[in-house]
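Colleague: The structure file coords.cif (mmCIF, C-alpha atoms) is provided below.
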```
data_entry
loop_
_atom_site.label_atom_id
_atom_site.label_comp_id
_atom_site.auth_asym_id
_atom_site.auth_seq_id
_atom_site.Cartn_x
_atom_site.Cartn_y
_atom_site.Cartn_z
CA MET R 1 72.19 118.00 125.21
CA THR R 2 75.76 119.04 126.04
CA LYS R 3 76.69 122.41 127.51
CA LEU R 4 79.89 123.90 126.04
CA THR R 5 81.57 127.08 127.22
CA ALA R 6 84.26 129.33 125.79
CA GLU R 7 85.71 132.74 126.51
CA VAL R 8 85.84 135.17 123.60
CA PRO R 9 89.47 136.13 122.87
CA TYR R 10 90.07 139.88 122.92
CA GLU R 11 91.54 139.71 119.41
CA MET R 12 88.00 138.88 118.21
CA ALA R 13 86.66 142.21 119.50
CA GLY R 14 84.31 143.76 116.96
CA MET R 15 83.36 140.47 115.32
CA ARG R 16 79.76 139.28 115.01
CA LEU R 17 78.48 136.56 117.32
CA ASP R 18 77.92 134.10 114.47
CA GLN R 19 81.47 134.69 113.18
CA ILE R 20 82.94 134.12 116.64
CA LEU R 21 80.95 130.91 117.11
CA ALA R 22 82.23 129.60 113.77
CA GLU R 23 85.79 130.14 115.03
CA LEU R 24 85.37 128.82 118.57
CA PHE R 25 83.16 125.85 117.70
CA ALA R 26 84.52 124.98 114.27
CA GLU R 27 83.41 121.35 114.59
CA TYR R 28 79.80 122.47 113.92
CA SER R 29 78.45 123.79 110.63
CA ARG R 30 77.62 127.48 110.33
CA SER R 31 73.98 126.63 109.57
CA LYS R 32 73.72 124.56 112.74
CA LEU R 33 75.25 127.36 114.83
CA GLN R 34 72.87 129.89 113.26
CA SER R 35 69.88 127.70 114.14
CA TRP R 36 71.08 127.38 117.74
CA ILE R 37 71.45 131.19 118.02
CA LYS R 38 67.86 131.65 116.76
CA SER R 39 66.49 129.00 119.13
CA GLY R 40 68.15 130.61 122.16
CA ARG R 41 70.67 127.86 122.78
CA VAL R 42 73.54 130.37 122.73
CA GLN R 43 74.03 132.76 125.64
CA VAL R 44 76.62 135.50 126.02
CA ASN R 45 77.23 136.39 129.68
CA GLY R 46 73.82 134.87 130.35
CA LEU R 47 72.04 136.90 127.65
CA ILE R 48 70.50 135.76 124.37
CA LEU R 49 71.84 137.87 121.50
CA LYS R 50 71.32 138.00 117.75
CA ALA R 51 73.73 136.54 115.23
CA LYS R 52 74.76 139.99 113.97
CA ASP R 53 75.49 141.44 117.43
CA LYS R 54 79.14 142.37 117.85
CA LEU R 55 81.15 141.38 120.92
CA GLU R 56 83.95 143.18 122.74
CA GLY R 57 86.10 140.24 123.83
CA GLY R 58 86.25 138.59 127.24
CA GLU R 59 82.60 137.48 127.24
CA GLU R 60 81.68 133.95 128.25
CA ILE R 61 79.69 132.05 125.64
CA THR R 62 77.52 129.10 126.67
CA LEU R 63 76.30 126.76 123.95
CA ASP R 64 73.71 124.03 124.47
CA ALA R 65 74.83 121.66 121.72
CA GLU R 66 72.45 119.00 120.47
CA ALA R 67 73.90 115.59 119.66
CA GLU R 68 73.04 114.28 116.19
CA VAL R 69 74.43 111.52 114.03
CA VAL R 70 77.25 112.95 111.91
CA ILE R 71 79.19 109.75 111.18
CA THR R 72 77.64 107.15 108.88
CA SER R 73 80.48 104.63 108.76
CA GLU R 74 79.70 101.04 109.70
CA PRO R 75 80.86 99.71 113.09
CA GLU R 76 83.32 96.83 112.76
CA ASN R 77 84.67 94.47 115.40
CA ILE R 78 88.33 95.42 114.98
CA PRO R 79 90.53 94.95 118.08
CA LEU R 80 91.69 98.15 119.76
CA ASP R 81 94.83 98.49 121.87
CA ILE R 82 93.36 100.75 124.56
CA VAL R 83 95.94 102.54 126.70
CA TYR R 84 93.48 104.61 128.77
CA GLU R 85 89.72 105.14 128.91
CA ASP R 86 87.19 107.01 131.04
CA ASP R 87 83.79 108.60 130.41
CA SER R 88 85.17 111.45 128.29
CA LEU R 89 88.52 110.32 126.91
CA LEU R 90 90.02 107.37 125.05
CA ILE R 91 93.71 106.86 124.27
CA VAL R 92 94.63 104.10 121.82
CA ASN R 93 97.86 102.68 120.49
CA LYS R 94 97.35 102.52 116.72
CA PRO R 95 99.27 99.82 114.88
CA ALA R 96 101.09 100.60 111.65
CA GLY R 97 98.94 99.76 108.64
CA LEU R 98 95.62 100.86 110.17
CA VAL R 99 93.96 103.77 108.34
CA VAL R 100 92.48 106.37 110.73
CA HIS R 101 89.57 107.81 108.70
CA PRO R 102 87.48 106.14 105.98
CA ALA R 103 88.16 107.51 102.49
CA ILE R 104 88.11 106.42 98.86
CA GLY R 105 89.63 102.96 98.73
CA ASN R 106 89.40 102.54 102.53
CA TRP R 107 85.75 102.71 103.50
CA ARG R 108 86.05 99.77 105.89
CA GLY R 109 88.67 98.40 108.25
CA THR R 110 89.64 101.80 109.66
CA LEU R 111 90.10 103.12 113.18
CA VAL R 112 86.75 104.95 112.88
CA ASN R 113 84.96 101.66 112.13
CA ALA R 114 86.64 100.10 115.17
CA LEU R 115 85.75 103.03 117.44
CA LEU R 116 82.07 102.96 116.41
CA HIS R 117 81.90 99.29 117.40
CA HIS R 118 83.62 99.98 120.73
CA GLU R 119 81.53 103.09 121.54
CA PRO R 120 78.43 103.51 119.30
CA GLY R 121 77.70 107.00 120.69
CA LEU R 122 80.76 108.35 118.89
CA ASP R 123 78.63 108.63 115.75
CA THR R 124 77.37 111.99 117.07
CA LEU R 125 80.87 113.49 117.26
CA PRO R 126 82.92 115.01 114.43
CA ARG R 127 85.26 112.34 113.00
CA ALA R 128 83.96 109.89 115.61
CA GLY R 129 85.77 111.91 118.30
CA ILE R 130 89.23 111.65 116.73
CA VAL R 131 90.91 114.97 117.48
CA HIS R 132 94.18 114.46 115.58
CA ARG R 133 95.49 111.83 113.21
CA ILE R 134 98.63 109.94 112.37
CA ASP R 135 99.44 108.40 109.00
CA LYS R 136 98.38 104.87 108.08
CA ASP R 137 101.93 103.53 108.34
CA THR R 138 102.83 105.42 111.52
CA SER R 139 102.24 103.65 114.82
CA GLY R 140 101.50 105.02 118.26
CA LEU R 141 99.28 107.09 120.51
CA LEU R 142 96.05 108.79 119.42
CA MET R 143 93.49 110.66 121.54
CA ILE R 144 89.74 110.35 121.03
CA ALA R 145 87.08 112.49 122.70
CA LYS R 146 83.98 110.61 123.86
CA THR R 147 81.80 113.69 124.49
CA LEU R 148 81.21 117.03 122.80
CA GLN R 149 82.64 118.81 125.83
CA ALA R 150 85.83 116.76 125.64
CA HIS R 151 86.07 117.26 121.89
CA ASN R 152 85.79 121.02 122.29
CA SER R 153 88.44 121.04 125.03
CA LEU R 154 90.96 118.85 123.19
CA THR R 155 90.46 120.70 119.90
CA GLY R 156 91.14 123.97 121.71
CA GLN R 157 94.30 122.59 123.32
CA LEU R 158 95.50 121.39 119.93
CA GLN R 159 94.88 124.80 118.34
CA GLU R 160 96.72 126.53 121.19
CA ARG R 161 99.65 124.05 120.81
CA GLU R 162 99.14 122.81 124.36
CA ILE R 163 99.08 119.10 123.46
CA HIS R 164 102.46 117.47 124.10
CA ARG R 165 103.44 115.06 121.31
CA GLU R 166 106.71 113.21 121.01
CA TYR R 167 107.72 110.77 118.29
CA LEU R 168 110.61 108.39 117.79
CA ALA R 169 111.99 108.04 114.27
CA ILE R 170 114.86 106.24 112.57
CA THR R 171 116.45 108.34 109.85
CA ARG R 172 118.88 107.60 107.07
CA GLY R 173 122.16 109.41 107.65
CA ARG R 174 124.19 110.03 110.80
CA MET R 175 123.18 113.26 112.53
CA THR R 176 125.82 115.21 114.42
CA ALA R 177 123.32 117.10 116.60
CA GLY R 178 119.66 117.91 117.08
CA GLY R 179 117.94 121.08 116.01
CA THR R 180 114.73 122.72 114.83
CA VAL R 181 113.15 122.82 111.40
CA ASP R 182 111.05 125.98 111.00
CA GLU R 183 109.79 125.76 107.42
CA PRO R 184 106.27 126.17 105.97
CA ILE R 185 104.63 123.09 104.48
CA GLY R 186 102.15 122.98 101.60
CA ARG R 187 100.90 120.59 98.94
CA HIS R 188 103.27 119.61 96.18
CA PRO R 189 102.47 121.76 93.10
CA SER R 190 101.94 118.77 90.81
CA ASP R 191 101.46 115.73 93.09
CA ARG R 192 98.39 116.17 95.30
CA LEU R 193 99.36 113.22 97.51
CA ARG R 194 102.67 114.78 98.57
CA TYR R 195 103.63 117.76 100.70
CA VAL R 196 106.75 119.90 100.44
CA VAL R 197 108.48 122.81 102.10
CA ARG R 198 107.28 125.85 100.18
CA GLU R 199 107.00 129.55 100.90
CA SER R 200 103.23 129.61 100.38
CA GLY R 201 102.70 126.71 102.81
CA LYS R 202 101.44 126.74 106.39
CA PHE R 203 103.65 127.57 109.36
CA ALA R 204 105.30 124.37 110.65
CA VAL R 205 107.91 123.78 113.37
CA THR R 206 109.58 120.47 114.25
CA HIS R 207 112.13 120.02 117.06
CA TYR R 208 114.41 116.99 117.07
CA ARG R 209 117.24 115.60 119.17
CA VAL R 210 119.60 112.68 118.74
CA VAL R 211 118.85 109.62 120.89
CA LYS R 212 121.38 107.21 119.36
CA ARG R 213 123.77 107.41 116.43
CA PHE R 214 124.72 104.54 114.18
CA THR R 215 127.25 104.52 111.33
CA ARG R 216 124.74 105.65 108.70
CA HIS R 217 121.47 105.99 110.63
CA THR R 218 120.14 107.93 113.62
CA LEU R 219 117.41 107.32 116.18
CA VAL R 220 115.82 110.71 116.92
CA GLN R 221 113.19 112.03 119.28
CA VAL R 222 110.89 114.50 117.55
CA LYS R 223 108.59 117.06 119.20
CA LEU R 224 105.84 118.72 117.20
CA GLU R 225 105.04 122.37 117.76
CA THR R 226 102.51 122.30 114.92
CA GLY R 227 100.67 119.40 113.33
CA ARG R 228 100.74 119.63 109.55
CA THR R 229 100.07 116.63 107.33
CA HIS R 230 103.22 114.48 106.95
CA GLN R 231 105.13 117.17 108.90
CA ILE R 232 107.89 115.02 110.39
CA ARG R 233 108.43 113.10 107.17
CA VAL R 234 108.59 116.28 105.06
CA HIS R 235 110.86 118.17 107.45
CA MET R 236 113.29 115.28 107.94
CA ALA R 237 113.53 114.74 104.18
CA HIS R 238 114.04 118.49 103.72
CA ILE R 239 117.16 118.46 105.93
CA ARG R 240 118.38 115.35 104.07
CA PHE R 241 117.64 112.84 106.82
CA PRO R 242 114.59 111.02 105.41
CA LEU R 243 112.93 108.33 107.50
CA VAL R 244 113.91 104.72 106.91
CA GLY R 245 111.25 102.97 104.84
CA ASP R 246 109.45 106.15 103.74
CA GLN R 247 108.02 105.20 100.35
CA VAL R 248 106.91 108.78 99.55
CA TYR R 249 109.67 111.07 100.83
CA GLY R 250 112.63 108.72 101.17
CA GLY R 251 113.76 108.78 97.56
CA ARG R 252 115.21 105.77 95.77
CA PHE R 253 116.20 102.94 98.10
CA GLN R 254 119.97 102.52 98.42
CA MET R 255 121.60 99.85 100.54
CA PRO R 256 124.41 101.41 102.61
CA PRO R 257 127.84 99.78 102.26
CA ASP R 258 129.30 97.38 104.83
CA CYS R 259 125.92 95.99 105.91
CA SER R 260 125.65 92.69 107.73
CA GLU R 261 123.23 90.19 106.27
CA ARG R 262 120.88 90.82 109.20
CA LEU R 263 120.85 94.59 108.64
CA GLU R 264 120.42 94.21 104.90
CA ASN R 265 117.39 91.98 105.42
CA ALA R 266 115.99 94.37 108.04
CA LEU R 267 116.31 97.42 105.77
CA ARG R 268 114.91 95.66 102.70
CA GLY R 269 111.99 94.35 104.72
CA PHE R 270 111.07 97.65 106.38
CA LYS R 271 108.27 98.88 104.09
CA ARG R 272 106.83 101.72 106.19
CA GLN R 273 108.22 104.97 107.54
CA ALA R 274 110.09 104.26 110.78
CA LEU R 275 107.95 106.62 112.85
CA HIS R 276 106.17 106.02 116.16
CA ALA R 277 104.01 108.38 118.26
CA ALA R 278 105.66 107.53 121.57
CA LYS R 279 104.36 110.12 124.05
CA LEU R 280 101.14 112.10 124.41
CA GLY R 281 100.30 114.67 127.08
CA LEU R 282 97.17 116.77 127.62
CA VAL R 283 95.00 118.48 130.21
CA HIS R 284 92.01 116.28 131.00
CA PRO R 285 88.86 117.98 129.65
CA VAL R 286 86.88 117.40 132.86
CA THR R 287 89.33 117.24 135.77
CA ASP R 288 91.84 119.81 134.38
CA GLU R 289 94.59 117.39 135.47
CA TYR R 290 97.65 117.07 133.22
CA MET R 291 97.94 113.49 132.02
CA GLU R 292 100.67 111.82 129.97
CA TRP R 293 101.08 108.44 128.33
CA GLU R 294 104.10 106.71 126.81
CA GLN R 295 104.06 103.79 124.39
CA ALA R 296 107.07 101.59 123.72
CA LEU R 297 108.37 101.08 120.20
CA PRO R 298 106.62 98.40 118.11
CA ASP R 299 108.44 95.16 117.34
CA ASP R 300 109.47 96.08 113.79
CA MET R 301 111.31 99.24 114.92
CA VAL R 302 112.90 97.38 117.85
CA GLU R 303 114.17 94.70 115.47
CA LEU R 304 115.56 97.32 113.10
CA LEU R 305 117.41 99.07 115.94
CA GLU R 306 118.84 95.74 117.11
CA ALA R 307 120.06 95.02 113.58
CA LEU R 308 121.68 98.46 113.41
CA ALA R 309 123.36 97.92 116.80
CA ASP R 310 124.62 94.48 115.81
CA ASN R 311 126.09 95.87 112.61
CA GLU R 312 128.16 98.35 114.65
CA GLN R 313 129.86 95.49 116.47
CA GLU R 314 130.83 93.45 113.40
#
```
Kindly return the structure encoded in the file as structure tokens.

Modeller:
Amino acid sequence: MTKLTAEVPYEMAGMRLDQILAELFAEYSRSKLQSWIKSGRVQVNGLILKAKDKLEGGEEITLDAEAEVVITSEPENIPLDIVYEDDSLLIVNKPAGLVVHPAIGNWRGTLVNALLHHEPGLDTLPRAGIVHRIDKDTSGLLMIAKTLQAHNSLTGQLQEREIHREYLAITRGRMTAGGTVDEPIGRHPSDRLRYVVRESGKFAVTHYRVVKRFTRHTLVQVKLETGRTHQIRVHMAHIRFPLVGDQVYGGRFQMPPDCSERLENALRGFKRQALHAAKLGLVHPVTDEYMEWEQALPDDMVELLEALADNEQE
């Protein structure tokens, strides 16, 4: 049994208890929340209320959540690059090429399979405790909650945009300055695997700044204000600076002129988007201490940057 607490936002004043629970504890099904209300596992300011009772905002809700198996994936002995771990939190450095969640065509060999082998108890948490995701071919830092309390805390921080996430990316094209892309993102109207900037999409904001310029490429630092699927890749392509190696949003491959043999080989051989989750910051779900981790670029991006730098000197 895990005790979770939350304060009812005042903008939810007038809403029913069951509706508020569905918003504040979205990781649980509505039927499960309803059963916990009926069994007295939900208290509002210390009182047991009915599902239909309306709240005023500002109340403290206490939920005695029952752990149950919600993940049925098989544990697999896949090595994990663990950056930090304690009783409630796990930070891993995901390599490019590793799928995060099992899905059609990738039921095995995923980060979830690896996590279940490392910590079997994660099978009682939504998505095996993974609070956010990065694409298969993106490398870098990911946070995993090891308890329901931690999952609730980290999910709330993510929703309130309190998680600090920085990425490093190598784009095609020489940027003159950094900036912000504030454009909604939604699914492509005809290709369900792609996302595009479109008016009917979800609010999305990406901040970027130039770290290093090359003749026809740029190393940029990117900060996410929101976390939409493929957000950085879509926004960078939208402003005509697609990521090197992006097979989905990069358009047709074109070798830039005046390339050295080393750079030409590096660009032809770079088959993933040049994107790395380099920094992650959050408030620890138990200690309330702000913690931050930084992960150096993987070898393939380092080698590409060295080839770009060498080409400048020839």

Colleague: Find the nearest atom pair between each residue of range 70-173 of chain R and range 245-258 of chain R for residues within 12 Å, count all atoms listed in the file, give distances in Å to one decimal, sort rows by chain and ascending number, and present the table as JSON lines.

Modeller:
```
{"residue": "R:Asp135", "atom": "CA", "partner": "R:Asp246", "partner_atom": "CA", "distance": 11.5}
{"residue": "R:Lys136", "atom": "CA", "partner": "R:Asp246", "partner_atom": "CA", "distance": 12.0}
{"residue": "R:Asp137", "atom": "CA", "partner": "R:Asp246", "partner_atom": "CA", "distance": 9.2}
{"residue": "R:Thr138", "atom": "CA", "partner": "R:Asp246", "partner_atom": "CA", "distance": 10.2}
{"residue": "R:Ala169", "atom": "CA", "partner": "R:Gly245", "partner_atom": "CA", "distance": 10.7}
{"residue": "R:Ile170", "atom": "CA", "partner": "R:Gly245", "partner_atom": "CA", "distance": 9.1}
{"residue": "R:Thr171", "atom": "CA", "partner": "R:Gly245", "partner_atom": "CA", "distance": 9.0}
{"residue": "R:Arg172", "atom": "CA", "partner": "R:Gly250", "partner_atom": "CA", "distance": 8.7}
{"residue": "R:Gly173", "atom": "CA", "partner": "R:Pro256", "partner_atom": "CA", "distance": 9.7}
```

Colleague: For the file shown, report as a ChimeraX atom specification the outcome of the PyMOL selection byres ((chain R and resi 54-67) around 8) at residue level.

Modeller: /R:1-17,36,41-46,52-53,68-69,124-125,148

Colleague: Name the closest residue to Gly269 in chain R among the candidates R:Glu312, R:Arg174, R:His164, R:Asp300; distances are taken between atoms, counting all atoms listed in the file.

Modeller: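 Residue with the minimum atom-to-atom distance to Gly269 in chain R: R:Asp300.
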
Colleague: List the residues selected by the PyMOL selection byres ((chain R and resi 150) around 12) in the file shown, writing them as a ChimeraX atom specification.

Modeller: /R:2-5,86-90,122,125-126,129-131,143-149,151-157,282-288

Colleague: May I have the selected residues written with C-alpha atoms, as a short mmCIF file (atom, residue, chain, number, x, y, z; two decimals), in the coordinates of the input?

Modeller:
```
data_model
loop_
_atom_site.label_atom_id
_atom_site.label_comp_id
_atom_site.auth_asym_id
_atom_site.auth_seq_id
_atom_site.Cartn_x
_atom_site.Cartn_y
_atom_site.Cartn_z
CA THR R 2 75.76 119.04 126.04
CA LYS R 3 76.69 122.41 127.51
CA LEU R 4 79.89 123.90 126.04
CA THR R 5 81.57 127.08 127.22
CA ASP R 86 87.19 107.01 131.04
CA ASP R 87 83.79 108.60 130.41
CA SER R 88 85.17 111.45 128.29
CA LEU R 89 88.52 110.32 126.91
CA LEU R 90 90.02 107.37 125.05
CA LEU R 122 80.76 108.35 118.89
CA LEU R 125 80.87 113.49 117.26
CA PRO R 126 82.92 115.01 114.43
CA GLY R 129 85.77 111.91 118.30
CA ILE R 130 89.23 111.65 116.73
CA VAL R 131 90.91 114.97 117.48
CA MET R 143 93.49 110.66 121.54
CA ILE R 144 89.74 110.35 121.03
CA ALA R 145 87.08 112.49 122.70
CA LYS R 146 83.98 110.61 123.86
CA THR R 147 81.80 113.69 124.49
CA LEU R 148 81.21 117.03 122.80
CA GLN R 149 82.64 118.81 125.83
CA HIS R 151 86.07 117.26 121.89
CA ASN R 152 85.79 121.02 122.29
CA SER R 153 88.44 121.04 125.03
CA LEU R 154 90.96 118.85 123.19
CA THR R 155 90.46 120.70 119.90
CA GLY R 156 91.14 123.97 121.71
CA GLN R 157 94.30 122.59 123.32
CA LEU R 282 97.17 116.77 127.62
CA VAL R 283 95.00 118.48 130.21
CA HIS R 284 92.01 116.28 131.00
CA PRO R 285 88.86 117.98 129.65
CA VAL R 286 86.88 117.40 132.86
CA THR R 287 89.33 117.24 135.77
CA ASP R 288 91.84 119.81 134.38
#
```

Colleague: Residues at most 6 Å from range 226-239 of chain R, counting only C-alpha atoms, excluding those fewer than 3 positions away in the same chain, as a list in words?

Modeller: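 The filter keeps Ala204, Val205 and Pro242 of chain R.
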